[in-house]
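To keep things clear, I will list the structure first and then write my remarks on it.
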Amino acid sequence: MGAGFSGLYMLHRLRELGISVLALEAAEGVGGTWLFNRYPGARCDIESIEYSYSFSDEIQQEWDWSETMPAQPEIEAYLNFVADRLDLRRDIRFNTRVTAMTFDADDAAWTLSTDTGERFVASFVVAATGILSVPLEPDIPGMDSFDGASLYTSCWPESGHPLAGKRVGVIGTGSTGVQLIPVVAREAGHLTVFQRSAAFTLPWDVRSLDSAELAELKAAYPEIRAAQREHPVGAARLSAFSLLLDMLVQPPIKSASREDQLRAIDERGVMGALNWGDIFFDIEANRMAAALYGEAVARIVKDPDTAAALVPSHPFGCKRPIIDQGYYETYNRDNVTLADLRRGPIREITPTGIATEQRHHDLDVIIYATGFDAMIGALSRIDVKGRDGRTLREVWDAEGPTSYLGLQVAGFPNLFIVQAPGSPSAATNFIAALEQHVEWIGDTIGHLLAGGYRTMEATLDAQREWIEHTTSLVEPTVLAHPSCNSWYNGANVPGKKRRYMAYTAGIPEYRRRCDEIAASGYPGFVLA
Ligand code: NAP
């Protein structure tokens with residue numbers, strides 16, 4: 001299921017192993033999340049050279065990246081190139097959304113029903129349905145009453161939407177909002193940003209790759225990929241993650257003098273404010289860094305009230321680090337207003353705009369950049385009935401987002417999930433993580449078929465132990481602090497059980513464990 005980054009490689013890998021495979025894709029084309037998130041400014045926060053498949057030297061040599069960090073149209077084009085290059089489309093059914101799937105224990109097979117009215121029977125199903133593929137629509141009173149245009153970043157119209165001269169409101173200041181806001185500000189007549197939580201965001205230059213540099217990079221692919229493979233986050237070059245990792249080896253802010261602290265922001269601005277070794281583990285140190293961050297923001301943003309409102313109140317590190325191009329400078333523009341929802345939340349959306357507790361903002365366009373039901377959203381929306389007729393949604397509602405190894409859920413035999421809760425996924429370069437998953441899943445299915453096994457299923461004990469282990473890894477960090485609310489722990493979705501959903505010991509350690517499990521006969525799984 002799915003023809004995004006994961007599904008395309010899974011299809012190719014299974015084909016290579018000589019296994020009969022068909023991909024079902026809800027959209028009209030390949031790309032998954034990178035197809036739908038076409039909003040202005042959409043861009044990856046990892047370098048293109050690393051945010052790309054490593055499994056084929058032909059592909060990496062034939063494809064030319066034009067920028068250090070790829071923008072959405074280029075990633076979409078890249079995935080189309082891969083689909084054509086590997087002739088994948090002939091085994092993909094587009095415009096076909098899986099709505100339900102049921103496991104039949106006697107036949108040891110899944111029957112999948114689709115919105116096209118078809119049924120498919122498969123011995124094994126791989127869910128490549130994405131970790132950030134289900135948009136979270138906020139539940140704000142009056143949303144349907146708005147007479148202007150309501151746009152969602154996660155399903156942006158392919159032909160775009162004219163914003164020139166319009167009064168535009170953006171709700172949401174996560175990675176998406178922070179990317180979108182400077183671009184919209186340049187086009188709109190007036191932009192109002194509705195901010196509930198301020199973001200920690202670090203300035204980043206994205207530049208073109210000229211042909212000489214690209215040739216050099218391509219020649220260095222063996223070393224680049226080798227370094228990536230050994231790197232905990234699967235990205236050894238500069239990325240949003242490397243900022244966090246660099247921080248860990250810096251001196252503590254708690255023992256830094258005021259002069260040291262000021263020097264840090266004199267030299268590196270907001271980046272310097274956060275570059276301390278203790279802030280990931282010590283909430284007090286984290287708050288000191290946030291205060292220093294506020295001082296650095298105030299040096300950029302001219303209006304003192306706006307600058308103060310832009311200082312986050314959650315710990316740095318608990319949300320994904322954001323990188324931006326000119327975010328804070330955008331608030332110095334005459335046509336940009338920040339509506340700080342901490343001072344007065346949104347009361348309702350009216351036919352003519354947004355009413356907060358403080359005032360009404362007249363708008364022509366409202367853009368929702370309000371995030372995703374991450375990790376479990378896609379499979380929770382499919383009626384996935386396992387061995388006992390229990391759905392995955394029921395399991396996750398009752399037990400929280402759980403799985404064994406981030407690959408399988410007990411009670412759901414022969415269903416493999418690319419990047420389930422408890423996988424490195426969101427805490428790493430997603431592409432490096434998914435390649436490992438896809439290869440392990442492919443090899444495992446090959447092993448099952450060759451050995452004449454009909455089913456493979458995670459045990460409840462192994463699942464429990466795995467989640468206890470993944471949870472224990474984040475316990476000593478600010479990620480476990482009660483003020484740390486993010487999509488990583490489900491806090492952004494009302495009613496979702498709170499649990500940090502990624503495995504944080506890094507891809508190499510994760511790969512070692514998965515390989516060891518495969519080599520020793522798959523302990524923690526029952527092969528029947
Ligand atoms: P997000 O980080 O969950 O941010 C959603 C934003 O919407 C938050 O500021 C949230 O506020 C706000 N929000 C949600 N409901 C609201 C409501 N009812 N009223 C007011 N504000 C509301 O989602 P995202 O920005 O789409 O990013 C999700 C992830 O996608 C990222 O962390 C990243 O992994 C990935 N991504 C990556 C890139 C990139 O590579 N550069 C770009 C975009 C996305 P609260 O924080 O208060 O809930």
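Going through the structure tokens in order, the chains are called A, B, and so on, while each chain numbers its residues from 1 and the ligands are numbered from 1 in the order shown.
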Practice item. Kindly work out which residues sit at most 8 Å from ligand 1, using only C-alpha atoms and all ligand atoms, and give the list as an NGL selection string. Key: :A and (42-46 or 132 or 136-140 or 153-154 or 171-179 or 194-199 or 319-324 or 341 or 345-346 or 368-372 or 426 or 485-487 or 491-492)
Review point. Do you know which residues are at most 10 Å from stretch 389-391 of chain A counting only C-alpha atoms, after dropping those on the same chain fewer than 3 positions away, and could you put them as a VMD selection string?
Key: chain A and resid 100 to 104 379 to 380 382 to 386 394 to 397 411 to 412
Write to file, as a compact mmCIF listing (two decimals), in the first residue's frame, the residues of the selection just made, with all heavy atoms.
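Listing of result_24.txt after writing:
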```
# COMPACT_ATOMS: atom_id res chain seq x y z
N ALA A 100 -10.34 -1.25 3.56
CA ALA A 100 -10.43 -2.27 4.61
C ALA A 100 -9.54 -3.44 4.23
O ALA A 100 -9.28 -3.69 3.05
CB ALA A 100 -11.88 -2.74 4.75
N MET A 101 -9.07 -4.16 5.24
CA MET A 101 -8.34 -5.40 4.96
C MET A 101 -8.52 -6.34 6.15
O MET A 101 -8.52 -5.92 7.30
CB MET A 101 -6.86 -5.13 4.66
CG MET A 101 -6.16 -4.21 5.62
SD MET A 101 -4.50 -3.79 5.04
CE MET A 101 -3.60 -5.22 5.66
N THR A 102 -8.72 -7.60 5.81
CA THR A 102 -9.05 -8.58 6.85
C THR A 102 -8.14 -9.78 6.69
O THR A 102 -7.93 -10.26 5.57
CB THR A 102 -10.52 -9.02 6.69
OG1 THR A 102 -11.33 -7.85 6.74
CG2 THR A 102 -10.95 -9.97 7.80
N PHE A 103 -7.64 -10.28 7.81
CA PHE A 103 -6.77 -11.45 7.76
C PHE A 103 -7.60 -12.71 7.94
O PHE A 103 -8.40 -12.81 8.88
CB PHE A 103 -5.70 -11.37 8.86
CG PHE A 103 -4.70 -12.48 8.76
CD1 PHE A 103 -3.77 -12.52 7.73
CD2 PHE A 103 -4.71 -13.52 9.68
CE1 PHE A 103 -2.86 -13.56 7.62
CE2 PHE A 103 -3.80 -14.57 9.59
CZ PHE A 103 -2.87 -14.59 8.56
N ASP A 104 -7.41 -13.64 7.04
CA ASP A 104 -8.09 -14.94 7.14
C ASP A 104 -7.05 -15.96 7.62
O ASP A 104 -6.11 -16.29 6.89
CB ASP A 104 -8.66 -15.32 5.77
CG ASP A 104 -9.43 -16.63 5.83
OD1 ASP A 104 -8.97 -17.56 6.53
OD2 ASP A 104 -10.49 -16.71 5.17
N LEU A 379 -2.90 4.06 8.87
CA LEU A 379 -3.43 2.71 9.09
C LEU A 379 -4.63 2.71 10.03
O LEU A 379 -5.46 1.81 9.97
CB LEU A 379 -2.33 1.78 9.62
CG LEU A 379 -1.33 1.32 8.55
CD1 LEU A 379 -0.20 0.52 9.18
CD2 LEU A 379 -2.01 0.50 7.47
N SER A 380 -4.73 3.74 10.88
CA SER A 380 -5.90 3.83 11.75
C SER A 380 -7.17 4.13 10.94
O SER A 380 -8.27 3.87 11.39
CB SER A 380 -5.73 4.94 12.79
OG SER A 380 -4.68 4.64 13.64
N ILE A 382 -7.77 2.94 7.99
CA ILE A 382 -8.17 1.77 7.19
C ILE A 382 -8.70 0.75 8.19
O ILE A 382 -8.15 0.60 9.28
CB ILE A 382 -6.95 1.19 6.43
CG1 ILE A 382 -6.39 2.24 5.46
CG2 ILE A 382 -7.33 -0.08 5.67
CD1 ILE A 382 -5.08 1.83 4.80
N ASP A 383 -9.75 0.06 7.82
CA ASP A 383 -10.34 -0.91 8.73
C ASP A 383 -9.49 -2.19 8.67
O ASP A 383 -9.81 -3.12 7.94
CB ASP A 383 -11.77 -1.15 8.22
CG ASP A 383 -12.63 -1.78 9.28
OD1 ASP A 383 -12.28 -1.70 10.46
OD2 ASP A 383 -13.65 -2.37 8.89
N VAL A 384 -8.36 -2.19 9.42
CA VAL A 384 -7.42 -3.32 9.35
C VAL A 384 -7.80 -4.34 10.43
O VAL A 384 -7.55 -4.11 11.62
CB VAL A 384 -5.97 -2.86 9.56
CG1 VAL A 384 -5.00 -4.03 9.42
CG2 VAL A 384 -5.59 -1.75 8.59
N LYS A 385 -8.41 -5.44 10.02
CA LYS A 385 -8.84 -6.45 10.99
C LYS A 385 -7.87 -7.61 11.02
O LYS A 385 -7.66 -8.29 10.02
CB LYS A 385 -10.22 -6.99 10.61
CG LYS A 385 -11.36 -6.06 10.95
CD LYS A 385 -12.66 -6.85 11.16
CE LYS A 385 -13.77 -5.92 11.57
NZ LYS A 385 -14.61 -5.51 10.45
N GLY A 386 -7.29 -7.85 12.19
CA GLY A 386 -6.29 -8.91 12.32
C GLY A 386 -6.87 -10.23 12.72
O GLY A 386 -8.05 -10.50 12.49
N GLU A 394 -8.25 -0.10 17.07
CA GLU A 394 -8.66 -0.47 18.44
C GLU A 394 -7.44 -0.79 19.30
O GLU A 394 -7.36 -0.40 20.46
CB GLU A 394 -9.61 -1.67 18.40
CG GLU A 394 -11.01 -1.30 17.93
CD GLU A 394 -11.85 -2.50 17.50
OE1 GLU A 394 -11.31 -3.62 17.35
OE2 GLU A 394 -13.06 -2.30 17.27
N VAL A 395 -6.47 -1.49 18.71
CA VAL A 395 -5.27 -1.84 19.46
C VAL A 395 -4.53 -0.57 19.86
O VAL A 395 -4.13 -0.39 21.02
CB VAL A 395 -4.35 -2.76 18.62
CG1 VAL A 395 -3.00 -2.95 19.28
CG2 VAL A 395 -5.03 -4.10 18.38
N TRP A 396 -4.33 0.33 18.90
CA TRP A 396 -3.57 1.54 19.19
C TRP A 396 -4.34 2.48 20.13
O TRP A 396 -3.74 3.18 20.94
CB TRP A 396 -3.18 2.24 17.89
CG TRP A 396 -2.02 1.56 17.19
CD1 TRP A 396 -1.06 0.81 17.80
CD2 TRP A 396 -1.71 1.59 15.81
NE1 TRP A 396 -0.15 0.36 16.86
CE2 TRP A 396 -0.52 0.82 15.63
CE3 TRP A 396 -2.30 2.18 14.68
CZ2 TRP A 396 0.07 0.63 14.38
CZ3 TRP A 396 -1.69 1.99 13.44
CH2 TRP A 396 -0.52 1.22 13.29
N ASP A 397 -5.68 2.49 20.02
CA ASP A 397 -6.47 3.31 20.95
C ASP A 397 -6.31 2.78 22.37
O ASP A 397 -6.17 3.55 23.32
CB ASP A 397 -7.97 3.26 20.58
CG ASP A 397 -8.30 4.24 19.45
OD1 ASP A 397 -7.42 5.05 19.10
OD2 ASP A 397 -9.42 4.18 18.92
N GLY A 411 -0.91 -9.76 16.56
CA GLY A 411 -2.31 -9.95 16.19
C GLY A 411 -2.56 -9.65 14.71
O GLY A 411 -3.67 -9.87 14.22
N PHE A 412 -1.52 -9.18 14.03
CA PHE A 412 -1.66 -8.82 12.61
C PHE A 412 -0.58 -9.54 11.78
O PHE A 412 0.38 -8.92 11.31
CB PHE A 412 -1.61 -7.30 12.44
CG PHE A 412 -2.72 -6.62 13.16
CD1 PHE A 412 -2.61 -6.33 14.52
CD2 PHE A 412 -3.92 -6.32 12.52
CE1 PHE A 412 -3.66 -5.75 15.22
CE2 PHE A 412 -4.96 -5.73 13.20
CZ PHE A 412 -4.84 -5.45 14.57
```
Check your understanding: Which polymer residues have any atom within 12 Å of an atom of A:Val183, counting only C-alpha atoms, with same-chain residues fewer than 2 positions away left out, as a ChimeraX atom specification?
Key -> /A:39-43,163-164,168,170,176-181,185-188,191,324-327,329-330,336
Quick one: write out the picked residues with N, CA and C atoms as a PDB file, in the first residue's frame?
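Written output follows (selection.pdb):
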```pdb
ATOM      1  N   TYR A  39       2.731  22.992  -1.164  1.00  0.00           N
ATOM      2  CA  TYR A  39       2.533  24.393  -0.737  1.00  0.00           C
ATOM      3  C   TYR A  39       3.774  25.233  -1.098  1.00  0.00           C
ATOM      4  N   PRO A  40       3.569  26.548  -1.255  1.00  0.00           N
ATOM      5  CA  PRO A  40       4.711  27.395  -1.615  1.00  0.00           C
ATOM      6  C   PRO A  40       5.808  27.308  -0.555  1.00  0.00           C
ATOM      7  N   GLY A  41       7.019  27.061  -0.990  1.00  0.00           N
ATOM      8  CA  GLY A  41       8.157  27.003  -0.064  1.00  0.00           C
ATOM      9  C   GLY A  41       8.465  25.598   0.435  1.00  0.00           C
ATOM     10  N   ALA A  42       7.661  24.593   0.049  1.00  0.00           N
ATOM     11  CA  ALA A  42       7.890  23.232   0.566  1.00  0.00           C
ATOM     12  C   ALA A  42       9.271  22.741   0.148  1.00  0.00           C
ATOM     13  N   ARG A  43      10.008  22.270   1.117  1.00  0.00           N
ATOM     14  CA  ARG A  43      11.394  21.899   0.866  1.00  0.00           C
ATOM     15  C   ARG A  43      11.830  20.918   1.943  1.00  0.00           C
ATOM     16  N   LEU A 163      -2.402  34.446  -4.563  1.00  0.00           N
ATOM     17  CA  LEU A 163      -2.394  35.111  -3.254  1.00  0.00           C
ATOM     18  C   LEU A 163      -2.034  36.589  -3.380  1.00  0.00           C
ATOM     19  N   ALA A 164      -1.648  36.985  -4.592  1.00  0.00           N
ATOM     20  CA  ALA A 164      -1.170  38.356  -4.784  1.00  0.00           C
ATOM     21  C   ALA A 164      -2.246  39.363  -4.357  1.00  0.00           C
ATOM     22  N   VAL A 168      -4.250  37.312   3.683  1.00  0.00           N
ATOM     23  CA  VAL A 168      -4.073  35.875   3.926  1.00  0.00           C
ATOM     24  C   VAL A 168      -3.817  35.625   5.412  1.00  0.00           C
ATOM     25  N   VAL A 170      -2.467  32.548   8.043  1.00  0.00           N
ATOM     26  CA  VAL A 170      -1.866  31.206   8.137  1.00  0.00           C
ATOM     27  C   VAL A 170      -2.029  30.723   9.579  1.00  0.00           C
ATOM     28  N   THR A 176       6.106  23.251   8.477  1.00  0.00           N
ATOM     29  CA  THR A 176       5.382  23.668   7.278  1.00  0.00           C
ATOM     30  C   THR A 176       5.126  25.169   7.294  1.00  0.00           C
ATOM     31  N   GLY A 177       4.520  25.652   8.389  1.00  0.00           N
ATOM     32  CA  GLY A 177       4.203  27.076   8.482  1.00  0.00           C
ATOM     33  C   GLY A 177       5.449  27.939   8.340  1.00  0.00           C
ATOM     34  N   VAL A 178       6.523  27.526   8.997  1.00  0.00           N
ATOM     35  CA  VAL A 178       7.759  28.324   8.982  1.00  0.00           C
ATOM     36  C   VAL A 178       8.344  28.404   7.565  1.00  0.00           C
ATOM     37  N   GLN A 179       8.149  27.344   6.783  1.00  0.00           N
ATOM     38  CA  GLN A 179       8.619  27.402   5.387  1.00  0.00           C
ATOM     39  C   GLN A 179       7.722  28.272   4.525  1.00  0.00           C
ATOM     40  N   LEU A 180       6.441  28.153   4.776  1.00  0.00           N
ATOM     41  CA  LEU A 180       5.434  28.801   3.938  1.00  0.00           C
ATOM     42  C   LEU A 180       5.375  30.322   4.158  1.00  0.00           C
ATOM     43  N   ILE A 181       5.490  30.727   5.431  1.00  0.00           N
ATOM     44  CA  ILE A 181       5.211  32.119   5.821  1.00  0.00           C
ATOM     45  C   ILE A 181       6.081  33.145   5.063  1.00  0.00           C
ATOM     46  N   ALA A 185       4.377  35.785   2.482  1.00  0.00           N
ATOM     47  CA  ALA A 185       4.505  37.221   2.838  1.00  0.00           C
ATOM     48  C   ALA A 185       4.949  38.037   1.630  1.00  0.00           C
ATOM     49  N   ARG A 186       5.775  37.424   0.773  1.00  0.00           N
ATOM     50  CA  ARG A 186       6.283  38.170  -0.394  1.00  0.00           C
ATOM     51  C   ARG A 186       5.190  38.382  -1.442  1.00  0.00           C
ATOM     52  N   GLU A 187       4.157  37.545  -1.405  1.00  0.00           N
ATOM     53  CA  GLU A 187       3.127  37.623  -2.437  1.00  0.00           C
ATOM     54  C   GLU A 187       1.841  38.313  -1.956  1.00  0.00           C
ATOM     55  N   ALA A 188       1.492  38.056  -0.699  1.00  0.00           N
ATOM     56  CA  ALA A 188       0.183  38.509  -0.214  1.00  0.00           C
ATOM     57  C   ALA A 188       0.141  40.026  -0.055  1.00  0.00           C
ATOM     58  N   LEU A 191      -0.393  39.545   5.370  1.00  0.00           N
ATOM     59  CA  LEU A 191      -0.358  38.203   5.965  1.00  0.00           C
ATOM     60  C   LEU A 191      -0.504  38.316   7.470  1.00  0.00           C
ATOM     61  N   ASP A 324      15.036  27.425   8.402  1.00  0.00           N
ATOM     62  CA  ASP A 324      14.208  28.355   7.630  1.00  0.00           C
ATOM     63  C   ASP A 324      15.049  29.258   6.751  1.00  0.00           C
ATOM     64  N   GLN A 325      14.354  29.905   5.857  1.00  0.00           N
ATOM     65  CA  GLN A 325      14.995  30.926   5.031  1.00  0.00           C
ATOM     66  C   GLN A 325      14.284  32.254   5.274  1.00  0.00           C
ATOM     67  N   GLY A 326      14.817  33.042   6.182  1.00  0.00           N
ATOM     68  CA  GLY A 326      14.294  34.396   6.406  1.00  0.00           C
ATOM     69  C   GLY A 326      13.013  34.456   7.215  1.00  0.00           C
ATOM     70  N   TYR A 327      12.823  33.508   8.144  1.00  0.00           N
ATOM     71  CA  TYR A 327      11.568  33.483   8.906  1.00  0.00           C
ATOM     72  C   TYR A 327      11.413  34.725   9.786  1.00  0.00           C
ATOM     73  N   GLU A 329      12.998  37.567   9.831  1.00  0.00           N
ATOM     74  CA  GLU A 329      13.037  38.827   9.070  1.00  0.00           C
ATOM     75  C   GLU A 329      11.653  39.145   8.485  1.00  0.00           C
ATOM     76  N   THR A 330      10.879  38.097   8.222  1.00  0.00           N
ATOM     77  CA  THR A 330       9.553  38.289   7.631  1.00  0.00           C
ATOM     78  C   THR A 330       8.671  39.165   8.525  1.00  0.00           C
ATOM     79  N   VAL A 336       3.034  42.178   7.385  1.00  0.00           N
ATOM     80  CA  VAL A 336       2.921  40.946   8.181  1.00  0.00           C
ATOM     81  C   VAL A 336       2.569  41.275   9.625  1.00  0.00           C
TER      82      VAL A 336
END
```
Check your understanding: Mind checking DSSP for stretch 219-397 of chain A and telling me the helix (DSSP H, G or I) residues as JSON, numbers by chain?
Key -> {"A": [219, 221, 222, 223, 224, 225, 226, 227, 228, 229, 230, 240, 241, 242, 243, 244, 245, 246, 247, 248, 253, 254, 255, 258, 259, 260, 261, 262, 263, 264, 265, 266, 267, 268, 269, 270, 271, 272, 273, 283, 284, 285, 286, 287, 288, 289, 290, 291, 292, 293, 294, 295, 296, 297, 298, 299, 300, 304, 305, 306, 307, 308, 309, 327, 328, 329, 330, 377, 378, 379, 380, 392, 393, 394, 395, 396, 397]}
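Here atom CA of A:Thr99 is placed at a distance of 5.1 Å from atom CA of A:Thr114.
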At a cut-off of 12 Å, can you tabulate as a tab-separated table every residue of stretch 405-460 of chain A near stretch 521-524 of chain A together with its closest atom pair and the distance in Å to one decimal, using only C-alpha atoms and ordering rows by chain then number?
```
residue	atom	partner	partner_atom	distance
A:Leu405	CA	A:Gly524	CA	9.4
A:Leu407	CA	A:Gly524	CA	11.6
A:Gln408	CA	A:Gly524	CA	10.5
A:Val409	CA	A:Gly524	CA	11.2
A:Ala410	CA	A:Gly524	CA	9.9
A:Trp440	CA	A:Tyr522	CA	11.6
A:Thr444	CA	A:Tyr522	CA	9.2
A:His447	CA	A:Gly521	CA	10.2
A:Leu448	CA	A:Tyr522	CA	10.8
A:Gly451	CA	A:Gly521	CA	11.5
A:Met456	CA	A:Tyr522	CA	9.3
A:Glu457	CA	A:Gly524	CA	8.5
A:Ala458	CA	A:Gly524	CA	5.9
A:Thr459	CA	A:Gly524	CA	5.6
A:Leu460	CA	A:Gly524	CA	8.4
```
Now that the selection is made, can you save its residues with all heavy atoms as a short mmCIF file (atom, residue, chain, number, x, y, z; two decimals), in the first residue's frame?
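Wrote selection_26.cif, looks like this:
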```
data_model
loop_
_atom_site.label_atom_id
_atom_site.label_comp_id
_atom_site.auth_asym_id
_atom_site.auth_seq_id
_atom_site.Cartn_x
_atom_site.Cartn_y
_atom_site.Cartn_z
N LEU A 405 9.59 -3.75 17.01
CA LEU A 405 10.66 -3.28 16.12
C LEU A 405 10.22 -2.18 15.15
O LEU A 405 10.93 -1.87 14.21
CB LEU A 405 11.23 -4.43 15.29
CG LEU A 405 12.15 -5.43 15.96
CD1 LEU A 405 12.58 -6.48 14.94
CD2 LEU A 405 13.38 -4.75 16.54
N LEU A 407 7.95 -2.66 13.09
CA LEU A 407 7.77 -3.40 11.84
C LEU A 407 6.46 -4.20 11.78
O LEU A 407 5.89 -4.38 10.71
CB LEU A 407 8.93 -4.39 11.65
CG LEU A 407 10.24 -3.80 11.15
CD1 LEU A 407 11.41 -4.72 11.46
CD2 LEU A 407 10.18 -3.55 9.64
N GLN A 408 6.04 -4.72 12.93
CA GLN A 408 4.82 -5.54 12.95
C GLN A 408 4.07 -5.31 14.25
O GLN A 408 4.69 -4.96 15.26
CB GLN A 408 5.19 -7.03 12.89
CG GLN A 408 5.11 -7.64 11.52
CD GLN A 408 4.81 -9.14 11.55
OE1 GLN A 408 4.87 -9.78 12.59
NE2 GLN A 408 4.48 -9.69 10.40
N VAL A 409 2.76 -5.55 14.22
CA VAL A 409 1.96 -5.44 15.44
C VAL A 409 1.39 -6.82 15.76
O VAL A 409 0.88 -7.51 14.86
CB VAL A 409 0.82 -4.40 15.26
CG1 VAL A 409 -0.04 -4.33 16.52
CG2 VAL A 409 1.40 -3.03 14.93
N ALA A 410 1.50 -7.24 17.03
CA ALA A 410 0.99 -8.55 17.44
C ALA A 410 -0.50 -8.64 17.13
O ALA A 410 -1.25 -7.70 17.38
CB ALA A 410 1.23 -8.74 18.93
N TRP A 440 15.00 -5.21 4.92
CA TRP A 440 14.74 -6.25 5.94
C TRP A 440 13.42 -6.96 5.65
O TRP A 440 13.33 -8.19 5.72
CB TRP A 440 14.73 -5.60 7.33
CG TRP A 440 14.82 -6.58 8.46
CD1 TRP A 440 15.93 -7.06 9.07
CD2 TRP A 440 13.71 -7.22 9.13
NE1 TRP A 440 15.60 -7.94 10.08
CE2 TRP A 440 14.23 -8.06 10.13
CE3 TRP A 440 12.31 -7.16 8.97
CZ2 TRP A 440 13.43 -8.83 10.98
CZ3 TRP A 440 11.52 -7.92 9.80
CH2 TRP A 440 12.08 -8.76 10.80
N THR A 444 12.96 -10.81 4.65
CA THR A 444 12.16 -11.65 5.55
C THR A 444 11.06 -12.37 4.77
O THR A 444 10.84 -13.58 4.96
CB THR A 444 11.56 -10.78 6.68
OG1 THR A 444 12.65 -10.19 7.40
CG2 THR A 444 10.71 -11.59 7.63
N HIS A 447 12.60 -15.12 2.96
CA HIS A 447 12.92 -16.22 3.88
C HIS A 447 11.66 -17.04 4.18
O HIS A 447 11.70 -18.29 4.19
CB HIS A 447 13.48 -15.62 5.17
CG HIS A 447 13.67 -16.59 6.28
ND1 HIS A 447 14.73 -17.47 6.33
CD2 HIS A 447 12.90 -16.85 7.38
CE1 HIS A 447 14.62 -18.22 7.42
NE2 HIS A 447 13.52 -17.86 8.08
N LEU A 448 10.55 -16.37 4.40
CA LEU A 448 9.31 -17.08 4.73
C LEU A 448 8.87 -17.95 3.56
O LEU A 448 8.50 -19.12 3.73
CB LEU A 448 8.20 -16.08 5.08
CG LEU A 448 8.43 -15.22 6.33
CD1 LEU A 448 7.35 -14.15 6.47
CD2 LEU A 448 8.46 -16.10 7.59
N GLY A 451 11.22 -20.89 3.06
CA GLY A 451 11.13 -21.89 4.13
C GLY A 451 9.76 -22.54 4.22
O GLY A 451 9.55 -23.38 5.09
N MET A 456 3.89 -15.08 9.76
CA MET A 456 4.88 -14.51 10.69
C MET A 456 4.16 -13.44 11.50
O MET A 456 3.45 -12.60 10.94
CB MET A 456 6.03 -13.88 9.90
CG MET A 456 7.00 -13.12 10.78
SD MET A 456 8.49 -12.78 9.83
CE MET A 456 9.40 -11.78 10.98
N GLU A 457 4.34 -13.50 12.80
CA GLU A 457 3.59 -12.57 13.65
C GLU A 457 4.42 -12.20 14.87
O GLU A 457 5.03 -13.07 15.51
CB GLU A 457 2.29 -13.27 14.09
CG GLU A 457 1.41 -12.40 14.94
CD GLU A 457 0.12 -13.11 15.37
OE1 GLU A 457 -0.16 -14.21 14.85
OE2 GLU A 457 -0.58 -12.56 16.22
N ALA A 458 4.41 -10.94 15.22
CA ALA A 458 5.11 -10.48 16.43
C ALA A 458 4.40 -11.01 17.65
O ALA A 458 3.17 -11.14 17.66
CB ALA A 458 5.12 -8.96 16.46
N THR A 459 5.16 -11.32 18.71
CA THR A 459 4.52 -11.74 19.96
C THR A 459 4.24 -10.52 20.82
O THR A 459 4.93 -9.49 20.71
CB THR A 459 5.41 -12.72 20.76
OG1 THR A 459 6.55 -12.00 21.24
CG2 THR A 459 5.86 -13.90 19.91
N LEU A 460 3.24 -10.67 21.67
CA LEU A 460 2.88 -9.55 22.56
C LEU A 460 4.02 -9.20 23.50
O LEU A 460 4.29 -8.03 23.76
CB LEU A 460 1.66 -9.94 23.39
CG LEU A 460 0.30 -9.54 22.83
CD1 LEU A 460 -0.80 -10.07 23.73
CD2 LEU A 460 0.18 -8.02 22.69
#
```
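Closest approach to A:Ala240 among A:Asn95, A:Thr201, A:Ser425, A:Thr116: A:Thr201, based on only C-alpha atoms.
Checking A:Ala122, A:Met375, A:Val30, A:Val526 one by one against A:Gly490, counting only C-alpha atoms, you find the shortest gap at A:Met375.
For the residues A:Cys318, A:Ala502, A:Ile445, A:Met69, ranking by smallest atom-to-atom distance to A:Leu473 using only C-alpha atoms places A:Ala502 first.
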Practice item. Would you list, as an MDAnalysis selection string, the residues of stretch 402-456 of chain A that end up in strand (DSSP E) under DSSP run on this structure's backbone? Key: chainID A and resid 415:417 456
Those residues with N, CA and C atoms, as a PDB file, in the first residue's frame please?
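Final output, saved to out_26.pdb:
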```pdb
ATOM      1  N   LEU A 415       1.475  -8.770   8.115  1.00  0.00           N
ATOM      2  CA  LEU A 415       1.385  -7.347   7.786  1.00  0.00           C
ATOM      3  C   LEU A 415       2.669  -6.680   8.279  1.00  0.00           C
ATOM      4  N   PHE A 416       3.435  -6.162   7.351  1.00  0.00           N
ATOM      5  CA  PHE A 416       4.655  -5.431   7.696  1.00  0.00           C
ATOM      6  C   PHE A 416       4.384  -3.938   7.500  1.00  0.00           C
ATOM      7  N   ILE A 417       4.904  -3.162   8.415  1.00  0.00           N
ATOM      8  CA  ILE A 417       4.672  -1.717   8.343  1.00  0.00           C
ATOM      9  C   ILE A 417       6.025  -1.029   8.176  1.00  0.00           C
ATOM     10  N   MET A 456       3.890 -15.080   9.760  1.00  0.00           N
ATOM     11  CA  MET A 456       4.880 -14.510  10.690  1.00  0.00           C
ATOM     12  C   MET A 456       4.165 -13.438  11.502  1.00  0.00           C
TER      13      MET A 456
END
```
Practice item. With a distance cut-off of 9 Å and only C-alpha atoms, select the neighbouring residues of A:Ile59, excluding the residue or stretch itself and same-chain residues fewer than 6 positions from it, and output the selection as a count of residues only. Key: 4
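Here atom CA of A:Val474 and atom CA of A:Leu310 stand 27.1 Å from one another.
Taking atom CA of A:Lys166 as the reference point, atom CA of A:Trp204 is found at 28.1 Å.
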Give me the stretch 68-112 of chain A side of the contact with stretch 6-19 of chain A, cut-off 9 Å, one line per residue showing its nearest atom pair and distance in Å at one decimal, counting only C-alpha atoms, sorted by chain and residue number, as a Markdown table.
```
| residue | atom | partner | partner_atom | distance |
| --- | --- | --- | --- | --- |
| A:Leu79 | CA | A:Leu8 | CA | 8.3 |
| A:Val82 | CA | A:Leu8 | CA | 8.3 |
| A:Ala83 | CA | A:Leu8 | CA | 7.0 |
| A:Leu86 | CA | A:His12 | CA | 7.3 |
| A:Asp87 | CA | A:His12 | CA | 8.9 |
| A:Leu88 | CA | A:His12 | CA | 7.0 |
| A:Asp91 | CA | A:Leu11 | CA | 8.0 |
| A:Ile92 | CA | A:Leu11 | CA | 8.7 |
```
